[in-house]
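Participant: Following this line is work39.cif, made up of mmCIF, C-alpha atoms:
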data_protein
#
loop_
_atom_site.label_atom_id
_atom_site.label_comp_id
_atom_site.auth_asym_id
_atom_site.auth_seq_id
_atom_site.Cartn_x
_atom_site.Cartn_y
_atom_site.Cartn_z
CA MET A 1 161.50 48.01 -33.94
CA SER A 2 165.26 47.87 -34.48
CA THR A 3 167.19 44.58 -34.78
CA GLU A 4 170.95 44.22 -34.45
CA VAL A 5 172.98 42.30 -37.01
CA ARG A 6 176.13 40.86 -35.49
CA VAL A 7 179.16 38.92 -36.73
CA PRO A 8 178.06 35.27 -37.01
CA THR A 9 179.89 32.44 -35.26
CA LEU A 10 183.37 32.20 -36.78
CA GLY A 11 184.48 28.88 -35.34
CA GLU A 12 186.75 27.65 -32.60
CA SER A 13 189.96 29.71 -32.11
CA VAL A 14 188.87 32.34 -34.68
CA THR A 15 188.37 35.67 -32.92
CA GLU A 16 188.15 38.23 -35.74
CA ALA A 17 187.30 38.73 -39.38
CA THR A 18 187.66 41.36 -42.09
CA ILE A 19 184.63 42.80 -43.88
CA ALA A 20 185.28 42.00 -47.53
CA THR A 21 182.10 43.25 -49.23
CA TRP A 22 178.86 45.00 -48.29
CA PHE A 23 176.00 43.98 -50.57
CA LYS A 24 173.63 46.58 -49.10
CA LYS A 25 173.79 50.23 -48.03
CA VAL A 26 171.91 52.39 -45.56
CA GLY A 27 168.27 52.78 -46.68
CA ASP A 28 168.18 49.55 -48.69
CA ALA A 29 165.30 47.14 -48.09
CA VAL A 30 166.20 43.59 -47.05
CA SER A 31 164.28 40.37 -46.50
CA VAL A 32 164.82 37.63 -43.96
CA ASP A 33 168.06 35.66 -44.54
CA GLU A 34 169.16 37.98 -47.37
CA MET A 35 172.96 38.32 -47.34
CA LEU A 36 174.10 41.72 -46.08
CA CYS A 37 177.88 41.36 -46.19
CA GLU A 38 180.73 38.92 -46.68
CA LEU A 39 183.48 38.48 -44.08
CA GLU A 40 186.91 36.87 -44.51
CA THR A 41 188.53 34.95 -41.67
CA ASP A 42 191.92 33.26 -41.57
CA LYS A 43 190.49 30.17 -43.26
CA VAL A 44 186.99 30.63 -44.66
CA THR A 45 184.56 33.20 -46.01
CA VAL A 46 181.47 33.84 -43.88
CA GLU A 47 178.26 35.56 -45.00
CA ALA A 48 176.14 37.60 -42.59
CA PRO A 49 172.38 37.31 -43.27
CA SER A 50 169.64 39.66 -42.14
CA PRO A 51 167.65 38.16 -39.26
CA VAL A 52 164.50 40.14 -40.18
CA SER A 53 162.78 41.93 -43.04
CA GLY A 54 163.02 45.69 -43.03
CA VAL A 55 165.30 48.58 -43.99
CA ILE A 56 168.97 49.05 -43.12
CA LYS A 57 169.02 51.91 -40.66
CA GLU A 58 172.74 52.04 -39.86
CA ILE A 59 176.00 50.28 -40.85
CA MET A 60 178.52 50.11 -38.01
CA ALA A 61 181.63 48.79 -39.85
CA GLN A 62 182.91 49.43 -43.36
CA GLU A 63 184.64 47.28 -46.00
CA GLY A 64 188.21 46.54 -44.95
CA ASP A 65 187.47 46.93 -41.23
CA THR A 66 188.50 44.18 -38.84
CA VAL A 67 185.70 43.10 -36.51
CA GLU A 68 185.70 40.76 -33.55
CA ALA A 69 183.38 37.79 -33.06
CA ASN A 70 179.81 38.89 -32.26
CA ALA A 71 180.62 42.53 -33.06
CA LEU A 72 177.76 44.78 -34.21
CA LEU A 73 177.64 45.06 -38.01
CA ALA A 74 174.40 46.89 -38.74
CA ILE A 75 170.94 47.81 -37.46
CA VAL A 76 167.83 46.83 -39.41
CA GLU A 77 164.55 48.64 -38.81
CA GLU A 78 161.77 46.07 -38.99
CA GLY A 79 158.59 46.91 -40.81
CA ALA A 80 156.14 45.95 -43.53
CA GLU A 81 157.59 48.59 -45.84
CA GLY A 82 161.00 46.98 -45.80
CA ALA A 83 159.62 43.50 -46.21
CA ALA A 84 157.41 44.52 -49.14
CA THR A 85 160.20 46.44 -50.84
CA ALA A 86 162.61 43.57 -50.49
CA ALA A 87 160.09 41.10 -51.82
CA ALA A 88 158.94 43.24 -54.76
CA PRO A 89 161.66 42.27 -57.25
CA LYS A 90 160.95 38.60 -56.64
CA ALA A 91 157.21 39.05 -57.22
CA SER A 92 157.65 40.95 -60.47
CA ALA A 93 160.23 38.60 -61.94
CA PRO A 94 157.84 35.90 -63.26
CA SER A 95 155.82 38.44 -65.25
CA ALA A 96 158.76 39.12 -67.54
CA ALA A 97 158.23 35.81 -69.32
CA PRO A 98 155.84 32.90 -68.75
CA ALA A 99 157.47 29.73 -67.51
CA PRO A 100 157.47 26.91 -70.09
CA SER A 101 155.23 24.01 -69.22
CA ALA A 102 158.04 21.48 -69.29
CA ALA A 103 160.92 23.43 -67.77
CA PRO A 104 164.04 21.41 -66.87
CA ALA A 105 164.67 20.76 -63.19
CA SER A 106 167.83 22.88 -63.15
CA THR A 107 168.61 25.75 -65.52
CA ARG A 108 171.20 28.50 -65.70
CA THR A 109 168.84 31.00 -64.08
CA ASP A 110 168.22 28.67 -61.17
CA VAL A 111 171.85 28.95 -60.07
CA GLU A 112 172.38 31.52 -57.33
CA ASP A 113 175.64 33.38 -57.99
CA ALA A 114 177.88 34.47 -55.14
CA PRO A 115 176.69 37.83 -53.73
CA SER A 116 180.22 39.25 -54.03
CA ALA A 117 180.21 38.23 -57.71
CA LYS A 118 176.91 40.03 -58.32
CA LYS A 119 178.33 43.20 -56.84
CA ALA A 120 181.55 42.87 -58.88
CA MET A 121 179.55 42.38 -62.12
CA ALA A 122 177.48 45.46 -61.39
CA GLU A 123 180.58 47.55 -60.71
CA ALA A 124 182.30 46.29 -63.88
CA GLY A 125 179.21 46.76 -66.05
CA LEU A 126 179.20 43.08 -67.03
CA SER A 127 176.08 41.03 -67.69
CA ARG A 128 175.63 37.49 -66.39
CA ASP A 129 176.12 36.08 -69.90
CA GLN A 130 179.54 37.72 -70.20
CA VAL A 131 180.97 35.78 -67.26
CA GLN A 132 181.81 32.07 -67.26
CA GLY A 133 181.01 30.59 -63.84
CA THR A 134 183.41 28.03 -62.36
CA GLY A 135 181.52 27.40 -59.11
CA ARG A 136 179.23 24.50 -58.43
CA ASP A 137 176.54 24.09 -61.13
CA GLY A 138 178.03 27.04 -63.02
CA ARG A 139 177.75 29.48 -60.12
CA VAL A 140 179.66 32.70 -60.80
CA MET A 141 182.33 33.47 -58.20
CA LYS A 142 184.09 36.78 -57.55
CA GLU A 143 187.25 35.46 -59.22
CA ASP A 144 185.31 34.66 -62.42
CA VAL A 145 184.30 38.32 -62.71
CA ALA A 146 187.94 39.38 -62.31
CA LYS A 147 188.95 37.04 -65.16
CA ALA A 148 186.18 38.37 -67.39
CA LYS A 149 187.34 41.93 -66.74
CA SER A 150 191.05 41.22 -67.30
CA ALA A 151 190.87 40.20 -70.98
CA PRO A 152 189.53 43.47 -72.45
CA ALA A 153 191.19 45.55 -69.76
CA ALA A 154 194.71 44.30 -70.55
CA ALA A 155 194.83 46.05 -73.92
CA ALA A 156 193.37 49.27 -72.55
CA VAL A 157 195.78 49.78 -69.63
CA PRO A 158 197.97 52.85 -70.20
CA GLN A 159 201.74 52.38 -70.22
CA GLY A 160 202.09 54.08 -66.84
CA GLU A 161 199.49 51.86 -65.12
CA ARG A 162 200.91 48.39 -65.67
CA GLU A 163 201.09 47.55 -61.99
CA GLU A 164 198.31 47.02 -59.47
CA ARG A 165 198.61 46.94 -55.70
CA VAL A 166 196.03 44.71 -54.03
CA LYS A 167 195.80 43.98 -50.31
CA MET A 168 196.29 40.30 -49.50
CA SER A 169 193.20 38.50 -48.28
CA ARG A 170 193.20 37.23 -44.72
CA LEU A 171 193.40 33.67 -46.04
CA ARG A 172 196.48 34.49 -48.13
CA GLN A 173 198.08 36.31 -45.21
CA THR A 174 197.53 33.29 -42.99
CA ILE A 175 198.95 30.93 -45.62
CA ALA A 176 202.06 33.12 -45.93
CA ARG A 177 202.52 33.34 -42.17
CA ARG A 178 202.09 29.62 -41.52
CA LEU A 179 204.39 28.55 -44.34
CA LYS A 180 207.10 30.88 -43.08
CA GLU A 181 206.62 29.60 -39.54
CA ALA A 182 207.07 26.04 -40.80
CA GLN A 183 210.41 26.97 -42.35
CA ASP A 184 211.56 28.93 -39.32
CA ASN A 185 210.52 26.51 -36.58
CA ALA A 186 210.99 23.01 -38.03
CA ALA A 187 214.15 21.21 -39.15
CA MET A 188 212.49 20.42 -42.45
CA LEU A 189 213.97 17.85 -44.79
CA THR A 190 212.58 16.03 -47.85
CA THR A 191 213.22 12.49 -49.02
CA PHE A 192 212.11 11.01 -52.34
CA ASN A 193 211.09 7.72 -53.87
CA GLU A 194 209.12 6.59 -56.90
CA VAL A 195 206.21 4.25 -57.36
CA ASP A 196 204.98 2.17 -60.29
CA MET A 197 201.28 3.07 -60.56
CA GLY A 198 200.48 0.24 -62.99
CA ALA A 199 198.86 -2.07 -60.42
CA ILE A 200 196.49 0.61 -59.14
CA MET A 201 195.64 1.78 -62.65
CA ASP A 202 194.80 -1.81 -63.68
CA LEU A 203 192.70 -2.29 -60.52
CA ARG A 204 190.76 0.93 -61.15
CA LYS A 205 190.18 0.00 -64.78
CA GLU A 206 188.81 -3.41 -63.77
CA TYR A 207 186.52 -2.27 -60.95
CA LYS A 208 185.67 1.39 -61.63
CA ASP A 209 182.26 0.69 -63.16
CA LEU A 210 181.25 -1.78 -60.44
CA PHE A 211 182.55 0.59 -57.74
CA LEU A 212 180.55 3.51 -59.18
CA LYS A 213 177.40 1.40 -59.48
CA LYS A 214 177.57 0.11 -55.90
CA HIS A 215 178.84 3.20 -54.06
CA ASN A 216 177.62 6.00 -56.36
CA THR A 217 181.08 7.60 -56.34
CA LYS A 218 184.15 7.30 -58.54
CA LEU A 219 187.20 5.29 -57.52
CA GLY A 220 190.17 7.66 -57.57
CA PHE A 221 193.84 7.44 -56.68
CA MET A 222 193.52 9.40 -53.43
CA SER A 223 191.75 6.63 -51.52
CA PHE A 224 194.67 4.29 -52.22
CA PHE A 225 197.15 6.89 -50.99
CA VAL A 226 195.11 7.62 -47.86
CA LYS A 227 194.89 3.92 -46.95
CA ALA A 228 198.59 3.41 -47.70
CA CYS A 229 199.44 6.36 -45.45
CA THR A 230 197.36 5.06 -42.54
CA HIS A 231 199.22 1.73 -42.70
CA ALA A 232 202.62 3.46 -42.92
CA LEU A 233 201.78 5.89 -40.09
CA ASN A 234 200.91 2.95 -37.89
CA GLU A 235 204.35 1.44 -38.54
CA VAL A 236 206.27 4.73 -38.26
CA PRO A 237 204.26 6.63 -35.59
CA GLU A 238 206.71 9.53 -35.26
CA VAL A 239 205.58 10.81 -38.68
CA ASN A 240 202.08 11.08 -37.20
CA ALA A 241 203.29 12.85 -34.02
CA GLU A 242 203.96 16.47 -33.10
CA ILE A 243 206.29 18.38 -30.81
CA ASP A 244 204.78 20.30 -27.89
CA GLY A 245 207.54 22.11 -26.02
CA THR A 246 209.88 19.38 -24.83
CA ASP A 247 207.26 16.64 -25.28
CA VAL A 248 206.43 14.45 -28.26
CA VAL A 249 202.69 13.83 -28.67
CA TYR A 250 201.97 10.55 -30.45
CA LYS A 251 198.56 10.19 -32.08
CA ASN A 252 196.80 6.82 -31.96
CA TYR A 253 194.56 7.87 -34.85
CA CYS A 254 195.10 9.19 -38.38
CA ASN A 255 193.41 12.47 -39.27
CA ILE A 256 194.59 12.89 -42.85
CA GLY A 257 194.47 16.39 -44.33
CA VAL A 258 193.95 16.52 -48.11
CA ALA A 259 195.23 19.76 -49.63
CA VAL A 260 192.72 21.35 -52.03
CA GLY A 261 193.50 24.33 -54.26
CA THR A 262 190.83 27.05 -54.54
CA PRO A 263 190.78 30.43 -56.31
CA ASN A 264 191.44 32.06 -52.93
CA GLY A 265 194.30 29.79 -51.85
CA LEU A 266 195.11 26.38 -50.45
CA VAL A 267 192.80 24.79 -47.88
CA VAL A 268 193.26 21.46 -46.12
CA PRO A 269 190.05 19.67 -45.04
CA VAL A 270 190.60 16.67 -42.78
CA LEU A 271 189.52 13.03 -43.10
CA ARG A 272 188.94 12.14 -39.46
CA ASP A 273 189.89 8.66 -38.27
CA ALA A 274 190.91 7.73 -41.81
CA GLN A 275 192.28 4.43 -40.47
CA ASP A 276 188.66 3.30 -39.96
CA MET A 277 187.33 4.53 -43.32
CA GLY A 278 186.73 2.34 -46.35
CA PHE A 279 187.61 3.29 -49.92
CA ALA A 280 184.07 4.43 -50.77
CA GLU A 281 183.76 6.60 -47.64
CA ILE A 282 187.12 8.23 -48.37
CA GLU A 283 186.17 9.01 -51.97
CA LYS A 284 182.74 10.40 -51.01
CA THR A 285 184.19 12.59 -48.27
CA ILE A 286 186.93 13.97 -50.51
CA ALA A 287 184.39 14.74 -53.26
CA ALA A 288 182.14 16.56 -50.77
CA TYR A 289 185.08 18.56 -49.42
CA GLY A 290 186.15 19.49 -52.94
CA ALA A 291 182.68 20.86 -53.77
CA LYS A 292 182.58 22.82 -50.51
CA ALA A 293 186.06 24.22 -51.12
CA ARG A 294 185.13 25.49 -54.59
CA ASP A 295 182.05 27.22 -53.18
CA GLY A 296 183.90 28.60 -50.16
CA LYS A 297 181.65 26.65 -47.77
CA LEU A 298 184.23 24.67 -45.79
CA THR A 299 183.89 25.19 -42.05
CA ILE A 300 186.68 25.82 -39.57
CA ALA A 301 185.94 22.49 -37.86
CA GLU A 302 186.42 20.61 -41.15
CA MET A 303 189.97 21.96 -41.45
CA GLN A 304 191.17 21.45 -37.88
CA GLY A 305 192.83 18.55 -36.12
CA GLY A 306 194.91 17.04 -38.93
CA THR A 307 197.85 14.81 -37.96
CA PHE A 308 199.33 14.29 -41.46
CA THR A 309 198.79 15.88 -44.88
CA ILE A 310 198.71 14.67 -48.50
CA SER A 311 199.26 17.22 -51.27
CA ASN A 312 198.66 16.31 -54.92
CA GLY A 313 200.63 18.64 -57.17
CA GLY A 314 200.28 16.12 -59.96
CA VAL A 315 196.84 17.46 -60.88
CA TYR A 316 198.60 20.64 -62.02
CA GLY A 317 201.35 18.76 -63.87
CA SER A 318 204.08 18.91 -61.22
CA LEU A 319 206.73 16.22 -61.76
CA MET A 320 208.58 16.74 -58.47
CA SER A 321 208.39 19.13 -55.51
CA THR A 322 209.38 19.59 -51.87
CA PRO A 323 206.09 20.22 -50.01
CA ILE A 324 206.15 22.44 -46.91
CA LEU A 325 204.93 21.12 -43.57
CA ASN A 326 201.52 22.08 -42.21
CA PRO A 327 202.37 22.98 -38.56
CA PRO A 328 202.28 21.43 -36.03
CA GLN A 329 202.33 18.26 -38.14
CA SER A 330 205.63 16.47 -38.65
CA GLY A 331 205.05 15.06 -42.12
CA ILE A 332 203.48 15.80 -45.51
CA LEU A 333 203.38 13.52 -48.56
CA GLY A 334 203.65 15.05 -52.02
CA MET A 335 202.03 13.22 -54.95
CA HIS A 336 203.05 14.13 -58.48
CA LYS A 337 202.30 13.60 -62.14
CA ILE A 338 202.10 10.04 -63.49
CA GLN A 339 204.54 9.80 -66.39
CA ASP A 340 205.55 6.91 -68.61
CA ARG A 341 209.26 6.20 -68.13
CA PRO A 342 211.65 3.39 -69.20
CA MET A 343 212.26 1.07 -66.24
CA VAL A 344 214.26 -2.13 -65.83
CA VAL A 345 211.92 -4.98 -64.85
CA ASN A 346 213.30 -8.53 -64.61
CA GLY A 347 216.36 -7.49 -66.60
CA GLU A 348 214.36 -5.90 -69.44
CA ILE A 349 213.63 -2.28 -70.25
CA VAL A 350 209.89 -1.66 -70.23
CA VAL A 351 207.70 1.45 -70.19
CA ARG A 352 205.91 1.90 -66.86
CA PRO A 353 203.59 4.63 -65.46
CA MET A 354 205.75 6.11 -62.70
CA MET A 355 205.15 8.76 -60.03
CA TYR A 356 207.71 10.50 -57.86
CA LEU A 357 206.80 10.66 -54.16
CA ALA A 358 208.18 13.27 -51.76
CA LEU A 359 207.99 13.18 -47.97
CA SER A 360 208.85 16.40 -46.18
CA TYR A 361 209.33 15.82 -42.47
CA ASP A 362 210.50 17.49 -39.27
CA HIS A 363 213.98 16.10 -38.62
CA ARG A 364 213.68 17.07 -34.95
CA ILE A 365 211.31 14.18 -34.40
CA VAL A 366 211.62 11.97 -37.51
CA ASP A 367 214.99 10.36 -38.29
CA GLY A 368 216.11 9.63 -41.83
CA GLN A 369 215.58 5.91 -41.34
CA GLY A 370 211.98 6.45 -40.27
CA ALA A 371 211.28 8.77 -43.20
CA VAL A 372 212.75 6.37 -45.75
CA THR A 373 210.90 3.42 -44.18
CA PHE A 374 207.65 5.38 -44.36
CA LEU A 375 208.06 6.07 -48.09
CA VAL A 376 209.09 2.46 -48.81
CA ARG A 377 205.90 1.22 -47.09
CA ILE A 378 203.84 3.63 -49.21
CA LYS A 379 205.59 2.35 -52.34
CA GLU A 380 205.05 -1.30 -51.41
CA ALA A 381 201.35 -0.80 -50.67
CA LEU A 382 200.69 1.07 -53.92
CA GLU A 383 202.63 -1.31 -56.14
CA ASP A 384 200.81 -4.28 -54.59
CA PRO A 385 197.40 -3.05 -53.33
CA ARG A 386 196.64 -6.51 -51.94
CA ARG A 387 198.93 -5.61 -49.01
CA LEU A 388 196.35 -3.02 -47.92
CA LEU A 389 193.70 -5.71 -47.58
CA MET A 390 195.98 -7.97 -45.52
CA ASP A 391 197.44 -5.15 -43.38
CA LEU A 392 200.99 -5.85 -44.57
#
Produce structure tokens that represent the structure in this file.
Facilitator:
Amino acid sequence: MSTEVRVPTLGESVTEATIATWFKKVGDAVSVDEMLCELETDKVTVEAPSPVSGVIKEIMAQEGDTVEANALLAIVEEGAEGAATAAAPKASAPSAAPAPSAAPASTRTDVEDAPSAKKAMAEAGLSRDQVQGTGRDGRVMKEDVAKAKSAPAAAAVPQGEREERVKMSRLRQTIARRLKEAQDNAAMLTTFNEVDMGAIMDLRKEYKDLFLKKHNTKLGFMSFFVKACTHALNEVPEVNAEIDGTDVVYKNYCNIGVAVGTPNGLVVPVLRDAQDMGFAEIEKTIAAYGAKARDGKLTIAEMQGGTFTISNGGVYGSLMSTPILNPPQSGILGMHKIQDRPMVVNGEIVVRPMMYLALSYDHRIVDGQGAVTFLVRIKEALEDPRRLLMDL
């Protein structure tokens, strides 16, 4: 009996994907839910599993091909032979060495590496021990294999082969297109301010242990920034609005996008109704999104519907930047590195931990006064966190 393998659900508004990697070939045995291929969409990577055990009879689309949603990828011939063949390596594995009686709950061999990384290691002739995994729990990702290959390969590249042409991933193409659209379509302008982070740093130092004990998550800076933004967006609603033709659409909620860097590019998962979230919920959600982003498991739905974005270049050491809008949003806040600087406080020069803030905004909808007011409210809330509790 033959079973069709089709492109899995890609998400709302996503109609096509590119086949990045085939992990199997015609004639290979597969088991139920074993990954057959990896597909790249505009925003996420999707894996296509086998619905049955059997043998791959036919592959309908090759690596690099663009396929539409629900398109036919392959045909698997069901049968005991395929199921047994696919299961054989798993059955023989324990005989290689007896399991210790007191094995730890999680070991290096328990971590399932990305299928695309396994294929890349096989093609490069690298063993698992030669690659340092950066994924969750040490999982090896495709990019880790590329790094492991680059070190010895750099010295061996002939003089005439010092350049490499690589096709951009669909994610990178989408990032490039959307960033250019933002520059072309919006009257983008950036205004700056600076904030003394001393009050927040003292508050974190005082309560971090109690916060971790009660909520089982760390207290970071981002929750303060998210709450400060929700208060400021409420006071300056045009920063939270968008232009639709000749209309301005004001949002009575704050869906805050938090930009996260991954090996494949920038992704922006969204904290929905952030105005109703507490500090612990914000921190837990951001941590979960970060783990998903590193493993390439963010869904389309988790990255849609943002009304405002926060980007933290400070984690990479950036002192100042002009962030680009995330269309159709009208504002994006750029956080930067905290740096000790001499400041005048009460007529005296003192050293304070300072951060530059940058607000890029669409001048078609946000006036300079509104943009400056927004940043001043952020500054006031961060320098005196008590204002957040009293909605001031």
Participant: Compare A:Ile332, A:Leu382, A:Glu68, A:Phe374 by their minimum atom-to-atom distance to A:Ala182, counting all atoms listed in the file, and give me the closest one.
Facilitator: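 Under the stated criterion, the closest residue is A:Ile332.
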Participant: Which neighbours of A:Ala146 fall inside 9 Å, counting all atoms listed in the file, when residues of the same chain fewer than 4 positions from it are skipped, and could you give them as a list in words?
Facilitator: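 The residues satisfying every condition are Ala120, Met121, Lys142 and Ser150 of chain A.
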Participant: Just to confirm, what's the straight-line distance from atom CA of A:Glu77 to atom CA of A:Lys57 in Å (one decimal)?
Facilitator: 5.8 Å
Participant: Go through A:Leu266, A:Ala274, A:Ala241, A:Ala69 one by one, measure the shortest atom-to-atom distance of each to A:Cys254 using only C-alpha atoms, and give the residue with the smallest value.
Facilitator: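 Residue with the minimum atom-to-atom distance to A:Cys254: A:Ala274.
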Participant: Using all atoms listed in the file, can you tell me which of A:Glu194, A:Glu163, A:Glu34, A:Asp184 comes closest to A:Leu357?
Facilitator: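 Distance minimum relative to A:Leu357 lands on A:Glu194.
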Participant: Return the single residue from A:Ile19, A:Ala48, A:Ala114, A:Ala287 that is closest to A:Asp33, with distances computed using all atoms listed in the file.
Facilitator: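 Of A:Ile19, A:Ala48, A:Ala114, A:Ala287, the one nearest A:Asp33, counting all atoms listed in the file, is A:Ala48.
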Participant: With N, CA and C atoms as the target, complete stretch 220-245 of chain A and hand it back as a short mmCIF file (atom, residue, chain, number, x, y, z; two decimals), in the frame of the given file.
Facilitator:
data_model
loop_
_atom_site.label_atom_id
_atom_site.label_comp_id
_atom_site.auth_asym_id
_atom_site.auth_seq_id
_atom_site.Cartn_x
_atom_site.Cartn_y
_atom_site.Cartn_z
N GLY A 220 189.01 6.87 -57.18
CA GLY A 220 190.17 7.66 -57.57
C GLY A 220 191.45 7.12 -56.97
N PHE A 221 192.56 7.84 -57.23
CA PHE A 221 193.84 7.44 -56.68
C PHE A 221 193.96 7.79 -55.19
N MET A 222 193.29 8.88 -54.78
CA MET A 222 193.52 9.40 -53.43
C MET A 222 193.16 8.40 -52.35
N SER A 223 192.12 7.60 -52.55
CA SER A 223 191.75 6.63 -51.52
C SER A 223 192.86 5.61 -51.30
N PHE A 224 193.55 5.22 -52.37
CA PHE A 224 194.67 4.29 -52.22
C PHE A 224 195.80 4.93 -51.41
N PHE A 225 196.08 6.20 -51.70
CA PHE A 225 197.15 6.89 -50.99
C PHE A 225 196.79 7.09 -49.52
N VAL A 226 195.53 7.43 -49.25
CA VAL A 226 195.11 7.62 -47.86
C VAL A 226 195.25 6.32 -47.07
N LYS A 227 194.79 5.21 -47.64
CA LYS A 227 194.89 3.92 -46.95
C LYS A 227 196.34 3.50 -46.79
N ALA A 228 197.16 3.74 -47.81
CA ALA A 228 198.59 3.41 -47.70
C ALA A 228 199.25 4.23 -46.60
N CYS A 229 198.86 5.50 -46.48
CA CYS A 229 199.44 6.36 -45.45
C CYS A 229 199.03 5.91 -44.05
N THR A 230 197.78 5.50 -43.87
CA THR A 230 197.36 5.06 -42.54
C THR A 230 198.14 3.83 -42.10
N HIS A 231 198.43 2.91 -43.03
CA HIS A 231 199.22 1.73 -42.70
C HIS A 231 200.66 2.14 -42.37
N ALA A 232 201.24 3.04 -43.16
CA ALA A 232 202.62 3.46 -42.92
C ALA A 232 202.75 4.26 -41.63
N LEU A 233 201.75 5.10 -41.33
CA LEU A 233 201.78 5.89 -40.09
C LEU A 233 201.70 4.99 -38.86
N ASN A 234 201.00 3.90 -39.00
CA ASN A 234 200.91 2.95 -37.89
C ASN A 234 202.26 2.30 -37.62
N GLU A 235 203.03 2.07 -38.69
CA GLU A 235 204.35 1.44 -38.54
C GLU A 235 205.42 2.45 -38.13
N VAL A 236 205.29 3.69 -38.60
CA VAL A 236 206.27 4.73 -38.26
C VAL A 236 205.52 5.86 -37.55
N PRO A 237 205.16 5.70 -36.29
CA PRO A 237 204.26 6.63 -35.59
C PRO A 237 204.83 8.02 -35.40
N GLU A 238 206.15 8.19 -35.45
CA GLU A 238 206.71 9.53 -35.26
C GLU A 238 206.33 10.48 -36.40
N VAL A 239 206.02 9.95 -37.57
CA VAL A 239 205.58 10.81 -38.68
C VAL A 239 204.19 11.36 -38.40
N ASN A 240 203.44 10.68 -37.54
CA ASN A 240 202.08 11.08 -37.20
C ASN A 240 202.03 11.84 -35.87
N ALA A 241 203.21 12.20 -35.33
CA ALA A 241 203.29 12.85 -34.02
C ALA A 241 203.58 14.33 -34.19
N GLU A 242 203.60 15.06 -33.07
CA GLU A 242 203.96 16.47 -33.10
C GLU A 242 204.74 16.83 -31.84
N ILE A 243 205.51 17.90 -31.94
CA ILE A 243 206.29 18.38 -30.81
C ILE A 243 205.51 19.45 -30.07
N ASP A 244 205.42 19.31 -28.75
CA ASP A 244 204.78 20.30 -27.89
C ASP A 244 205.77 20.65 -26.78
N GLY A 245 206.50 21.74 -26.98
CA GLY A 245 207.54 22.11 -26.02
C GLY A 245 208.65 21.10 -26.03
#
